[in-house]
>>> print(open('model.pdb').read())   # PDB, N, CA and C atoms
ATOM      1  N   MET A   1     -33.810 101.402  19.894
ATOM      2  CA  MET A   1     -34.462 101.067  21.143
ATOM      3  C   MET A   1     -34.493 102.277  22.069
ATOM      4  N   TYR A   2     -33.389 103.002  22.124
ATOM      5  CA  TYR A   2     -33.325 104.117  23.062
ATOM      6  C   TYR A   2     -34.395 105.160  22.750
ATOM      7  N   GLU A   3     -34.645 105.394  21.464
ATOM      8  CA  GLU A   3     -35.667 106.365  21.072
ATOM      9  C   GLU A   3     -37.056 105.936  21.513
ATOM     10  N   LEU A   4     -37.319 104.634  21.461
ATOM     11  CA  LEU A   4     -38.655 104.126  21.738
ATOM     12  C   LEU A   4     -38.950 103.977  23.224
ATOM     13  N   GLY A   5     -37.920 103.938  24.043
ATOM     14  CA  GLY A   5     -38.153 103.712  25.470
ATOM     15  C   GLY A   5     -38.625 102.291  25.686
ATOM     16  N   HIS A   6     -39.849 102.116  26.144
ATOM     17  CA  HIS A   6     -40.464 100.805  26.292
ATOM     18  C   HIS A   6     -41.256 100.532  25.022
ATOM     19  N   ALA A   7     -40.946  99.420  24.345
ATOM     20  CA  ALA A   7     -41.614  99.147  23.068
ATOM     21  C   ALA A   7     -41.860  97.660  22.888
ATOM     22  N   THR A   8     -42.996  97.345  22.286
ATOM     23  CA  THR A   8     -43.302  95.965  21.935
ATOM     24  C   THR A   8     -42.552  95.617  20.650
ATOM     25  N   PRO A   9     -42.425  94.332  20.339
ATOM     26  CA  PRO A   9     -41.797  93.966  19.072
ATOM     27  C   PRO A   9     -42.502  94.605  17.864
ATOM     28  N   ASP A  10     -43.819  94.738  17.913
ATOM     29  CA  ASP A  10     -44.537  95.383  16.810
ATOM     30  C   ASP A  10     -44.147  96.844  16.664
ATOM     31  N   GLN A  11     -43.966  97.530  17.786
ATOM     32  CA  GLN A  11     -43.553  98.931  17.729
ATOM     33  C   GLN A  11     -42.135  99.061  17.204
ATOM     34  N   VAL A  12     -41.256  98.148  17.602
ATOM     35  CA  VAL A  12     -39.879  98.145  17.084
ATOM     36  C   VAL A  12     -39.915  97.891  15.586
ATOM     37  N   HIS A  13     -40.725  96.915  15.164
ATOM     38  CA  HIS A  13     -40.842  96.585  13.741
ATOM     39  C   HIS A  13     -41.312  97.792  12.937
ATOM     40  N   ALA A  14     -42.314  98.503  13.436
ATOM     41  CA  ALA A  14     -42.819  99.689  12.734
ATOM     42  C   ALA A  14     -41.728 100.742  12.593
ATOM     43  N   LYS A  15     -40.941 100.944  13.645
ATOM     44  CA  LYS A  15     -39.865 101.938  13.602
ATOM     45  C   LYS A  15     -38.772 101.522  12.615
ATOM     46  N   VAL A  16     -38.386 100.241  12.663
ATOM     47  CA  VAL A  16     -37.341  99.741  11.763
ATOM     48  C   VAL A  16     -37.828  99.770  10.318
ATOM     49  N   SER A  17     -39.094  99.416  10.102
ATOM     50  CA  SER A  17     -39.651  99.379   8.747
ATOM     51  C   SER A  17     -39.654 100.740   8.063
ATOM     52  N   ALA A  18     -39.644 101.790   8.864
ATOM     53  CA  ALA A  18     -39.629 103.140   8.291
ATOM     54  C   ALA A  18     -38.345 103.406   7.525
ATOM     55  N   THR A  19     -37.253 102.721   7.895
ATOM     56  CA  THR A  19     -35.986 102.935   7.200
ATOM     57  C   THR A  19     -35.476 101.687   6.477
ATOM     58  N   ALA A  20     -35.990 100.513   6.878
ATOM     59  CA  ALA A  20     -35.564  99.256   6.253
ATOM     60  C   ALA A  20     -36.798  98.394   6.015
ATOM     61  N   ALA A  21     -37.495  98.687   4.930
ATOM     62  CA  ALA A  21     -38.799  98.077   4.659
ATOM     63  C   ALA A  21     -38.773  96.551   4.559
ATOM     64  N   GLY A  22     -37.642  95.947   4.255
ATOM     65  CA  GLY A  22     -37.572  94.501   4.062
ATOM     66  C   GLY A  22     -37.469  93.681   5.341
ATOM     67  N   VAL A  23     -37.354  94.332   6.485
ATOM     68  CA  VAL A  23     -37.204  93.608   7.744
ATOM     69  C   VAL A  23     -38.571  93.088   8.185
ATOM     70  N   ASN A  24     -38.634  91.775   8.480
ATOM     71  CA  ASN A  24     -39.921  91.228   8.913
ATOM     72  C   ASN A  24     -39.968  91.093  10.434
ATOM     73  N   ILE A  25     -41.163  90.827  10.949
ATOM     74  CA  ILE A  25     -41.373  90.766  12.395
ATOM     75  C   ILE A  25     -40.580  89.631  13.044
ATOM     76  N   THR A  26     -40.384  88.529  12.332
ATOM     77  CA  THR A  26     -39.606  87.415  12.876
ATOM     78  C   THR A  26     -38.174  87.848  13.143
ATOM     79  N   THR A  27     -37.616  88.618  12.251
ATOM     80  CA  THR A  27     -36.259  89.138  12.437
ATOM     81  C   THR A  27     -36.190  90.030  13.664
ATOM     82  N   VAL A  28     -37.214  90.829  13.877
ATOM     83  CA  VAL A  28     -37.253  91.712  15.048
ATOM     84  C   VAL A  28     -37.271  90.876  16.326
ATOM     85  N   TYR A  29     -38.133  89.854  16.379
ATOM     86  CA  TYR A  29     -38.190  88.998  17.570
ATOM     87  C   TYR A  29     -36.847  88.318  17.824
ATOM     88  N   ARG A  30     -36.238  87.778  16.782
ATOM     89  CA  ARG A  30     -34.945  87.098  16.946
ATOM     90  C   ARG A  30     -33.862  88.066  17.408
ATOM     91  N   THR A  31     -33.879  89.260  16.861
ATOM     92  CA  THR A  31     -32.888  90.264  17.244
ATOM     93  C   THR A  31     -33.082  90.694  18.695
ATOM     94  N   LEU A  32     -34.335  90.885  19.109
ATOM     95  CA  LEU A  32     -34.598  91.246  20.501
ATOM     96  C   LEU A  32     -34.164  90.129  21.450
ATOM     97  N   GLU A  33     -34.398  88.876  21.063
ATOM     98  CA  GLU A  33     -33.938  87.737  21.877
ATOM     99  C   GLU A  33     -32.420  87.760  22.026
ATOM    100  N   LEU A  34     -31.722  87.980  20.910
ATOM    101  CA  LEU A  34     -30.263  88.034  20.945
ATOM    102  C   LEU A  34     -29.781  89.197  21.806
ATOM    103  N   LEU A  35     -30.378  90.363  21.641
ATOM    104  CA  LEU A  35     -29.981  91.528  22.438
ATOM    105  C   LEU A  35     -30.219  91.279  23.929
ATOM    106  N   GLU A  36     -31.283  90.533  24.248
ATOM    107  CA  GLU A  36     -31.533  90.215  25.653
ATOM    108  C   GLU A  36     -30.494  89.227  26.176
ATOM    109  N   GLU A  37     -30.141  88.224  25.370
ATOM    110  CA  GLU A  37     -29.097  87.272  25.765
ATOM    111  C   GLU A  37     -27.765  87.980  26.005
ATOM    112  N   LEU A  38     -27.499  89.013  25.240
ATOM    113  CA  LEU A  38     -26.266  89.783  25.380
ATOM    114  C   LEU A  38     -26.331  90.798  26.520
ATOM    115  N   GLY A  39     -27.491  90.927  27.138
ATOM    116  CA  GLY A  39     -27.653  91.851  28.252
ATOM    117  C   GLY A  39     -27.828  93.303  27.844
ATOM    118  N   LEU A  40     -28.226  93.537  26.604
ATOM    119  CA  LEU A  40     -28.388  94.903  26.112
ATOM    120  C   LEU A  40     -29.806  95.425  26.240
ATOM    121  N   VAL A  41     -30.787  94.518  26.246
ATOM    122  CA  VAL A  41     -32.178  94.889  26.476
ATOM    123  C   VAL A  41     -32.770  93.899  27.475
ATOM    124  N   THR A  42     -33.867  94.290  28.060
ATOM    125  CA  THR A  42     -34.621  93.396  28.938
ATOM    126  C   THR A  42     -36.090  93.586  28.621
ATOM    127  N   HIS A  43     -36.915  92.674  29.109
ATOM    128  CA  HIS A  43     -38.336  92.808  28.830
ATOM    129  C   HIS A  43     -39.154  92.704  30.108
ATOM    130  N   ALA A  44     -40.346  93.237  30.027
ATOM    131  CA  ALA A  44     -41.325  93.124  31.096
ATOM    132  C   ALA A  44     -42.681  92.938  30.428
ATOM    133  N   HIS A  45     -43.595  92.335  31.140
ATOM    134  CA  HIS A  45     -44.951  92.160  30.618
ATOM    135  C   HIS A  45     -45.811  93.266  31.219
ATOM    136  N   LEU A  46     -46.064  94.278  30.412
ATOM    137  CA  LEU A  46     -46.785  95.450  30.882
ATOM    138  C   LEU A  46     -48.242  95.442  30.454
ATOM    139  N   SER A  47     -48.651  94.379  29.778
ATOM    140  CA  SER A  47     -50.044  94.237  29.353
ATOM    141  C   SER A  47     -50.280  92.765  29.079
ATOM    142  N   HIS A  48     -51.470  92.463  28.589
ATOM    143  CA  HIS A  48     -51.796  91.073  28.256
ATOM    144  C   HIS A  48     -51.189  90.653  26.922
ATOM    145  N   GLY A  49     -50.667  91.590  26.174
ATOM    146  CA  GLY A  49     -50.114  91.302  24.864
ATOM    147  C   GLY A  49     -48.640  90.930  24.918
ATOM    148  N   ALA A  50     -47.957  91.314  23.894
ATOM    149  CA  ALA A  50     -46.531  91.008  23.748
ATOM    150  C   ALA A  50     -45.718  91.689  24.846
ATOM    151  N   PRO A  51     -44.554  91.126  25.162
ATOM    152  CA  PRO A  51     -43.692  91.776  26.149
ATOM    153  C   PRO A  51     -43.204  93.127  25.630
ATOM    154  N   THR A  52     -42.848  93.977  26.551
ATOM    155  CA  THR A  52     -42.307  95.285  26.226
ATOM    156  C   THR A  52     -40.819  95.259  26.529
ATOM    157  N   PHE A  53     -40.013  95.671  25.564
ATOM    158  CA  PHE A  53     -38.557  95.663  25.703
ATOM    159  C   PHE A  53     -38.064  97.074  25.952
ATOM    160  N   HIS A  54     -36.984  97.170  26.706
ATOM    161  CA  HIS A  54     -36.313  98.457  26.858
ATOM    162  C   HIS A  54     -34.829  98.208  27.056
ATOM    163  N   ALA A  55     -34.064  99.218  26.705
ATOM    164  CA  ALA A  55     -32.608  99.107  26.771
ATOM    165  C   ALA A  55     -32.134  99.021  28.211
ATOM    166  N   VAL A  56     -31.086  98.250  28.403
ATOM    167  CA  VAL A  56     -30.437  98.157  29.710
ATOM    168  C   VAL A  56     -29.359  99.229  29.723
ATOM    169  N   GLY A  57     -29.038  99.723  30.866
ATOM    170  CA  GLY A  57     -27.972 100.713  30.922
ATOM    171  C   GLY A  57     -28.269 101.775  31.948
ATOM    172  N   GLY A  58     -29.529 102.128  32.058
ATOM    173  CA  GLY A  58     -29.889 103.074  33.092
ATOM    174  C   GLY A  58     -30.090 102.324  34.393
ATOM    175  N   ASP A  59     -30.581 103.022  35.361
ATOM    176  CA  ASP A  59     -30.878 102.381  36.632
ATOM    177  C   ASP A  59     -32.033 101.407  36.462
ATOM    178  N   GLN A  60     -32.003 100.322  37.232
ATOM    179  CA  GLN A  60     -33.135  99.414  37.216
ATOM    180  C   GLN A  60     -34.333 100.140  37.803
ATOM    181  N   HIS A  61     -35.514  99.711  37.403
ATOM    182  CA  HIS A  61     -36.712 100.367  37.887
ATOM    183  C   HIS A  61     -37.873  99.384  37.922
ATOM    184  N   VAL A  62     -38.864  99.738  38.692
ATOM    185  CA  VAL A  62     -40.113  98.991  38.779
ATOM    186  C   VAL A  62     -41.121  99.727  37.912
ATOM    187  N   HIS A  63     -41.877  98.986  37.118
ATOM    188  CA  HIS A  63     -42.887  99.582  36.254
ATOM    189  C   HIS A  63     -44.223  99.662  36.992
ATOM    190  N   LEU A  64     -44.872 100.800  36.921
ATOM    191  CA  LEU A  64     -46.219 100.977  37.437
ATOM    192  C   LEU A  64     -47.140 101.149  36.244
ATOM    193  N   VAL A  65     -48.073 100.222  36.061
ATOM    194  CA  VAL A  65     -48.927 100.209  34.878
ATOM    195  C   VAL A  65     -50.366 100.495  35.288
ATOM    196  N   CYS A  66     -50.952 101.529  34.713
ATOM    197  CA  CYS A  66     -52.333 101.887  35.014
ATOM    198  C   CYS A  66     -53.271 101.038  34.159
ATOM    199  N   ARG A  67     -54.153 100.311  34.801
ATOM    200  CA  ARG A  67     -55.111  99.460  34.095
ATOM    201  C   ARG A  67     -56.200 100.278  33.396
ATOM    202  N   SER A  68     -56.353 101.531  33.764
ATOM    203  CA  SER A  68     -57.396 102.351  33.158
ATOM    204  C   SER A  68     -56.899 103.079  31.903
ATOM    205  N   CYS A  69     -55.852 103.885  32.043
ATOM    206  CA  CYS A  69     -55.372 104.684  30.903
ATOM    207  C   CYS A  69     -54.218 104.026  30.158
ATOM    208  N   GLY A  70     -53.623 102.973  30.737
ATOM    209  CA  GLY A  70     -52.509 102.285  30.076
ATOM    210  C   GLY A  70     -51.161 102.960  30.279
ATOM    211  N   GLY A  71     -51.135 104.032  31.059
ATOM    212  CA  GLY A  71     -49.883 104.733  31.309
ATOM    213  C   GLY A  71     -48.886 103.862  32.057
ATOM    214  N   VAL A  72     -47.606 104.074  31.757
ATOM    215  CA  VAL A  72     -46.535 103.339  32.429
ATOM    216  C   VAL A  72     -45.579 104.366  33.023
ATOM    217  N   SER A  73     -45.315 104.219  34.313
ATOM    218  CA  SER A  73     -44.310 105.066  34.941
ATOM    219  C   SER A  73     -43.283 104.172  35.619
ATOM    220  N   GLU A  74     -42.199 104.756  36.012
ATOM    221  CA  GLU A  74     -41.099 104.008  36.613
ATOM    222  C   GLU A  74     -40.798 104.582  37.986
ATOM    223  N   VAL A  75     -40.513 103.673  38.930
ATOM    224  CA  VAL A  75     -40.101 104.097  40.265
ATOM    225  C   VAL A  75     -38.855 103.318  40.657
ATOM    226  N   SER A  76     -38.170 103.832  41.633
ATOM    227  CA  SER A  76     -36.947 103.201  42.124
ATOM    228  C   SER A  76     -37.245 101.816  42.694
ATOM    229  N   PRO A  77     -36.340 100.869  42.505
ATOM    230  CA  PRO A  77     -36.542  99.544  43.091
ATOM    231  C   PRO A  77     -36.501  99.566  44.614
ATOM    232  N   ASP A  78     -36.122 100.703  45.182
ATOM    233  CA  ASP A  78     -36.108 100.834  46.643
ATOM    234  C   ASP A  78     -37.488 100.594  47.246
ATOM    235  N   VAL A  79     -38.554 100.825  46.450
ATOM    236  CA  VAL A  79     -39.903 100.602  46.974
ATOM    237  C   VAL A  79     -40.133  99.129  47.321
ATOM    238  N   LEU A  80     -39.297  98.249  46.780
ATOM    239  CA  LEU A  80     -39.443  96.814  47.040
ATOM    240  C   LEU A  80     -38.404  96.271  48.014
ATOM    241  N   THR A  81     -37.643  97.143  48.648
ATOM    242  CA  THR A  81     -36.555  96.704  49.520
ATOM    243  C   THR A  81     -37.033  95.757  50.614
ATOM    244  N   GLU A  82     -38.084  96.143  51.325
ATOM    245  CA  GLU A  82     -38.578  95.321  52.427
ATOM    246  C   GLU A  82     -39.136  93.989  51.919
ATOM    247  N   LEU A  83     -39.921  94.034  50.847
ATOM    248  CA  LEU A  83     -40.466  92.802  50.262
ATOM    249  C   LEU A  83     -39.344  91.903  49.775
ATOM    250  N   SER A  84     -38.355  92.471  49.120
ATOM    251  CA  SER A  84     -37.230  91.704  48.611
ATOM    252  C   SER A  84     -36.473  91.018  49.745
ATOM    253  N   ALA A  85     -36.249  91.739  50.835
ATOM    254  CA  ALA A  85     -35.543  91.169  51.984
ATOM    255  C   ALA A  85     -36.337  90.025  52.608
ATOM    256  N   THR A  86     -37.637  90.206  52.722
ATOM    257  CA  THR A  86     -38.500  89.164  53.291
ATOM    258  C   THR A  86     -38.494  87.920  52.417
ATOM    259  N   LEU A  87     -38.650  88.095  51.119
ATOM    260  CA  LEU A  87     -38.653  86.948  50.200
ATOM    261  C   LEU A  87     -37.307  86.233  50.217
ATOM    262  N   GLY A  88     -36.227  86.988  50.319
ATOM    263  CA  GLY A  88     -34.902  86.384  50.384
ATOM    264  C   GLY A  88     -34.698  85.586  51.655
ATOM    265  N   ALA A  89     -35.075  86.175  52.778
ATOM    266  CA  ALA A  89     -34.871  85.523  54.075
ATOM    267  C   ALA A  89     -35.770  84.306  54.266
ATOM    268  N   GLU A  90     -37.021  84.432  53.859
ATOM    269  CA  GLU A  90     -37.985  83.361  54.127
ATOM    270  C   GLU A  90     -38.040  82.288  53.043
ATOM    271  N   HIS A  91     -37.670  82.650  51.820
ATOM    272  CA  HIS A  91     -37.819  81.704  50.710
ATOM    273  C   HIS A  91     -36.562  81.532  49.874
ATOM    274  N   GLY A  92     -35.515  82.293  50.181
ATOM    275  CA  GLY A  92     -34.303  82.230  49.366
ATOM    276  C   GLY A  92     -34.541  82.736  47.952
ATOM    277  N   PHE A  93     -35.544  83.587  47.793
ATOM    278  CA  PHE A  93     -35.968  84.068  46.475
ATOM    279  C   PHE A  93     -35.427  85.462  46.234
ATOM    280  N   ARG A  94     -34.867  85.671  45.024
ATOM    281  CA  ARG A  94     -34.351  86.990  44.634
ATOM    282  C   ARG A  94     -35.217  87.564  43.528
ATOM    283  N   ILE A  95     -35.687  88.779  43.729
ATOM    284  CA  ILE A  95     -36.537  89.445  42.742
ATOM    285  C   ILE A  95     -35.691  89.943  41.580
ATOM    286  N   ASP A  96     -36.173  89.722  40.365
ATOM    287  CA  ASP A  96     -35.553  90.261  39.147
ATOM    288  C   ASP A  96     -36.238  91.595  38.867
ATOM    289  N   ILE A  97     -35.675  92.664  39.381
ATOM    290  CA  ILE A  97     -36.297  93.988  39.320
ATOM    291  C   ILE A  97     -36.631  94.409  37.893
ATOM    292  N   GLY A  98     -35.801  94.072  36.932
ATOM    293  CA  GLY A  98     -36.034  94.479  35.550
ATOM    294  C   GLY A  98     -37.310  93.927  34.953
ATOM    295  N   HIS A  99     -37.888  92.914  35.583
ATOM    296  CA  HIS A  99     -39.112  92.313  35.067
ATOM    297  C   HIS A  99     -40.334  92.610  35.921
ATOM    298  N   VAL A 100     -40.185  93.444  36.939
ATOM    299  CA  VAL A 100     -41.301  93.716  37.845
ATOM    300  C   VAL A 100     -42.215  94.788  37.262
ATOM    301  N   ALA A 101     -43.504  94.449  37.201
ATOM    302  CA  ALA A 101     -44.531  95.405  36.793
ATOM    303  C   ALA A 101     -45.688  95.280  37.779
ATOM    304  N   LEU A 102     -46.051  96.397  38.364
ATOM    305  CA  LEU A 102     -47.179  96.437  39.296
ATOM    306  C   LEU A 102     -48.352  97.103  38.607
ATOM    307  N   PHE A 103     -49.500  96.471  38.681
ATOM    308  CA  PHE A 103     -50.687  96.961  38.000
ATOM    309  C   PHE A 103     -51.660  97.567  39.003
ATOM    310  N   GLY A 104     -52.298  98.651  38.609
ATOM    311  CA  GLY A 104     -53.270  99.311  39.469
ATOM    312  C   GLY A 104     -53.824 100.525  38.753
ATOM    313  N   LEU A 105     -54.139 101.566  39.504
ATOM    314  CA  LEU A 105     -54.652 102.801  38.922
ATOM    315  C   LEU A 105     -53.697 103.943  39.241
ATOM    316  N   CYS A 106     -53.368 104.728  38.234
ATOM    317  CA  CYS A 106     -52.493 105.884  38.448
ATOM    318  C   CYS A 106     -53.240 106.947  39.252
ATOM    319  N   GLY A 107     -52.519 107.953  39.696
ATOM    320  CA  GLY A 107     -53.119 109.017  40.493
ATOM    321  C   GLY A 107     -54.278 109.703  39.796
ATOM    322  N   GLY A 108     -54.158 109.922  38.500
ATOM    323  CA  GLY A 108     -55.221 110.575  37.744
ATOM    324  C   GLY A 108     -56.473 109.719  37.627
ATOM    325  N   CYS A 109     -56.304 108.454  37.331
ATOM    326  CA  CYS A 109     -57.454 107.562  37.153
ATOM    327  C   CYS A 109     -58.052 107.127  38.484
ATOM    328  N   GLY A 110     -57.225 107.028  39.506
ATOM    329  CA  GLY A 110     -57.695 106.567  40.808
ATOM    330  C   GLY A 110     -58.527 107.595  41.549
ATOM    331  N   ARG A 111     -58.462 108.831  41.117
ATOM    332  CA  ARG A 111     -59.216 109.903  41.801
ATOM    333  C   ARG A 111     -60.686 109.883  41.433
ATOM    334  N   GLY A 112     -61.012 109.269  40.270
ATOM    335  CA  GLY A 112     -62.389 109.297  39.756
ATOM    336  C   GLY A 112     -63.274 108.459  40.527
TER     337      GLY A 112
END
>>> encode(input="model.pdb", output="structure tokens")
Amino acid sequence: MYELGHATPDQVHAKVSATAAGVNITTVYRTLELLEELGLVTHAHLSHGAPTFHAVGGDQHVHLVCRSCGGVSEVSPDVLTELSATLGAEHGFRIDIGHVALFGLCGGCGRG
């Protein structure tokens, strides 16, 4: 997982299959579910397809997903501090930062 960074189950399966050809996609999904239950990986929905998993351990981050080029970047959860405080105070709602993905256009695509 650490090598792949953010990866879909299909991408994990392709990587695992390179060294263990007998592993099927169902095993990958079940293993990712177990790793998430254990708090070792988390997922975010960075596209319309399968969720993207990444290892837990580093700092939490917010995903910025470009709808044009598909690029994904990470920013500090501090960008959501004010929104998080407002949602907490007004609705008693706590944001799960590990699952936050904001969609828009990156600097390169937005200039066009």
>>> closest_residue(input="model.pdb", among="A:Arg111, A:His13, A:His6, A:His99", to="Ala44 in chain A", atoms="all atoms listed in the file")
A:His99
>>> resolve_selection(input="model.pdb", expression="the PyMOL selection byres (((chain A and resi 10 and name CA) around 10) and name CA)", output="list in words")
Ala7, Thr8, Pro9, Gln11, Val12, His13, Ala14, Lys15, Val16, Ile25, Val28, Tyr29, Ala50 and Thr52 of chain A
>>> select_by_dssp(input="model.pdb", residues="chain A", states="strand (DSSP E)", output="short mmCIF file (atom, residue, chain, number, x, y, z; two decimals) with N, CA and C atoms, in the frame of the given file")
data_model
loop_
_atom_site.label_atom_id
_atom_site.label_comp_id
_atom_site.auth_asym_id
_atom_site.auth_seq_id
_atom_site.Cartn_x
_atom_site.Cartn_y
_atom_site.Cartn_z
N VAL A 41 -30.79 94.52 26.25
CA VAL A 41 -32.18 94.89 26.48
C VAL A 41 -32.77 93.90 27.48
N THR A 42 -33.87 94.29 28.06
CA THR A 42 -34.62 93.40 28.94
C THR A 42 -36.09 93.59 28.62
N HIS A 43 -36.92 92.67 29.11
CA HIS A 43 -38.34 92.81 28.83
C HIS A 43 -39.15 92.70 30.11
N ALA A 44 -40.35 93.24 30.03
CA ALA A 44 -41.32 93.12 31.10
C ALA A 44 -42.68 92.94 30.43
N THR A 52 -42.85 93.98 26.55
CA THR A 52 -42.31 95.28 26.23
C THR A 52 -40.82 95.26 26.53
N PHE A 53 -40.01 95.67 25.56
CA PHE A 53 -38.56 95.66 25.70
C PHE A 53 -38.06 97.07 25.95
N HIS A 54 -36.98 97.17 26.71
CA HIS A 54 -36.31 98.46 26.86
C HIS A 54 -34.83 98.21 27.06
N ALA A 55 -34.06 99.22 26.70
CA ALA A 55 -32.61 99.11 26.77
C ALA A 55 -32.13 99.02 28.21
N VAL A 62 -38.86 99.74 38.69
CA VAL A 62 -40.11 98.99 38.78
C VAL A 62 -41.12 99.73 37.91
N HIS A 63 -41.88 98.99 37.12
CA HIS A 63 -42.89 99.58 36.25
C HIS A 63 -44.22 99.66 36.99
N LEU A 64 -44.87 100.80 36.92
CA LEU A 64 -46.22 100.98 37.44
C LEU A 64 -47.14 101.15 36.24
N VAL A 65 -48.07 100.22 36.06
CA VAL A 65 -48.93 100.21 34.88
C VAL A 65 -50.37 100.50 35.29
N CYS A 66 -50.95 101.53 34.71
CA CYS A 66 -52.33 101.89 35.01
C CYS A 66 -53.27 101.04 34.16
N VAL A 72 -47.61 104.07 31.76
CA VAL A 72 -46.54 103.34 32.43
C VAL A 72 -45.58 104.37 33.02
N SER A 73 -45.32 104.22 34.31
CA SER A 73 -44.31 105.07 34.94
C SER A 73 -43.28 104.17 35.62
N GLU A 74 -42.20 104.76 36.01
CA GLU A 74 -41.10 104.01 36.61
C GLU A 74 -40.80 104.58 37.99
N VAL A 75 -40.51 103.67 38.93
CA VAL A 75 -40.10 104.10 40.26
C VAL A 75 -38.85 103.32 40.66
N ALA A 101 -43.50 94.45 37.20
CA ALA A 101 -44.53 95.40 36.79
C ALA A 101 -45.69 95.28 37.78
N LEU A 102 -46.05 96.40 38.36
CA LEU A 102 -47.18 96.44 39.30
C LEU A 102 -48.35 97.10 38.61
N PHE A 103 -49.50 96.47 38.68
CA PHE A 103 -50.69 96.96 38.00
C PHE A 103 -51.66 97.57 39.00
N GLY A 104 -52.30 98.65 38.61
CA GLY A 104 -53.27 99.31 39.47
C GLY A 104 -53.82 100.52 38.75
#
>>> closest_residue(input="model.pdb", among="A:Ala89, A:Leu40, A:Leu46, A:Ile95", to="Leu64 in chain A", atoms="only N, CA and C atoms")
A:Leu46
>>> atom_distance(input="model.pdb", atom1="CA of Gly110 in chain A", atom2="atom C of Ser73 in chain A")
15.5 Å
>>> atom_distance(input="model.pdb", atom1="CA of Gly57 in chain A", atom2="CA of Thr27 in chain A")
23.3 Å
>>> select_by_dssp(input="model.pdb", residues="range 16-59 of chain A", states="alpha helix (DSSP H)", output="PyMOL selection string")
chain A and resi 16-17+25-37
>>> residues_around(input="model.pdb", residues="Cys69 in chain A", least_positions_apart="4", cutoff="8 Å", atoms="only N, CA and C atoms", output="mmCIF file with N, CA and C atoms, in the coordinates of the input")
data_model
loop_
_atom_site.group_PDB
_atom_site.id
_atom_site.type_symbol
_atom_site.label_atom_id
_atom_site.label_comp_id
_atom_site.auth_asym_id
_atom_site.auth_seq_id
_atom_site.Cartn_x
_atom_site.Cartn_y
_atom_site.Cartn_z
ATOM 1 N N VAL A 65 -48.073 100.222 36.061
ATOM 2 C CA VAL A 65 -48.927 100.209 34.878
ATOM 3 C C VAL A 65 -50.366 100.495 35.288
ATOM 4 N N GLY A 104 -52.298 98.651 38.609
ATOM 5 C CA GLY A 104 -53.270 99.311 39.469
ATOM 6 C C GLY A 104 -53.824 100.525 38.753
ATOM 7 N N LEU A 105 -54.139 101.566 39.504
ATOM 8 C CA LEU A 105 -54.652 102.801 38.922
ATOM 9 C C LEU A 105 -53.697 103.943 39.241
ATOM 10 N N CYS A 106 -53.368 104.728 38.234
ATOM 11 C CA CYS A 106 -52.493 105.884 38.448
ATOM 12 C C CYS A 106 -53.240 106.947 39.252
ATOM 13 N N CYS A 109 -56.304 108.454 37.331
ATOM 14 C CA CYS A 109 -57.454 107.562 37.153
ATOM 15 C C CYS A 109 -58.052 107.127 38.484
#
>>> atom_distance(input="model.pdb", atom1="CA of Ala101 in chain A", atom2="atom N of Ala85 in chain A")
16.7 Å
>>> closest_residue(input="model.pdb", among="A:Leu80, A:Val62, A:Val75, A:Ala55", to="Leu32 in chain A", atoms="only C-alpha atoms")
A:Ala55
>>> axis_aligned_box(input="model.pdb", around="range 29-48 of chain A", padding_each_side="4 Å", output="AutoDock Vina command-line options")
--center_x -39.0 --center_y 91.3 --center_z 23.8 --size_x 33.5 --size_y 16.4 --size_z 22.8
>>> residues_around(input="model.pdb", residues="His54 in chain A", least_positions_apart="4", cutoff="5 Å", atoms="only N, CA and C atoms", output="list in words")
Gly5, His6, Val41 and Thr42 of chain A
>>> decode(input="model.pdb", residues="range 89-99 of chain A", atoms="N, CA and C atoms", output="mmCIF file, in the first residue's frame")
data_model
loop_
_atom_site.group_PDB
_atom_site.id
_atom_site.type_symbol
_atom_site.label_atom_id
_atom_site.label_comp_id
_atom_site.auth_asym_id
_atom_site.auth_seq_id
_atom_site.Cartn_x
_atom_site.Cartn_y
_atom_site.Cartn_z
ATOM 1 N N ALA A 89 -20.674 23.385 15.767
ATOM 2 C CA ALA A 89 -21.473 24.265 16.627
ATOM 3 C C ALA A 89 -22.949 24.275 16.243
ATOM 4 N N GLU A 90 -23.217 24.313 14.949
ATOM 5 C CA GLU A 90 -24.604 24.462 14.498
ATOM 6 C C GLU A 90 -25.346 23.141 14.324
ATOM 7 N N HIS A 91 -24.608 22.065 14.077
ATOM 8 C CA HIS A 91 -25.267 20.789 13.776
ATOM 9 C C HIS A 91 -24.761 19.623 14.607
ATOM 10 N N GLY A 92 -23.750 19.859 15.440
ATOM 11 C CA GLY A 92 -23.167 18.760 16.209
ATOM 12 C C GLY A 92 -22.487 17.736 15.314
ATOM 13 N N PHE A 93 -22.065 18.172 14.137
ATOM 14 C CA PHE A 93 -21.499 17.279 13.122
ATOM 15 C C PHE A 93 -19.988 17.386 13.123
ATOM 16 N N ARG A 94 -19.319 16.215 13.092
ATOM 17 C CA ARG A 94 -17.852 16.170 13.034
ATOM 18 C C ARG A 94 -17.416 15.625 11.687
ATOM 19 N N ILE A 95 -16.546 16.354 11.018
ATOM 20 C CA ILE A 95 -16.048 15.943 9.705
ATOM 21 C C ILE A 95 -15.022 14.831 9.865
ATOM 22 N N ASP A 96 -15.131 13.806 9.031
ATOM 23 C CA ASP A 96 -14.141 12.723 8.959
ATOM 24 C C ASP A 96 -13.139 13.125 7.881
ATOM 25 N N ILE A 97 -12.080 13.790 8.283
ATOM 26 C CA ILE A 97 -11.112 14.368 7.349
ATOM 27 C C ILE A 97 -10.540 13.331 6.388
ATOM 28 N N GLY A 98 -10.316 12.117 6.841
ATOM 29 C CA GLY A 98 -9.730 11.087 5.989
ATOM 30 C C GLY A 98 -10.574 10.729 4.786
ATOM 31 N N HIS A 99 -11.843 11.110 4.798
ATOM 32 C CA HIS A 99 -12.731 10.794 3.685
ATOM 33 C C HIS A 99 -13.115 12.009 2.857
#
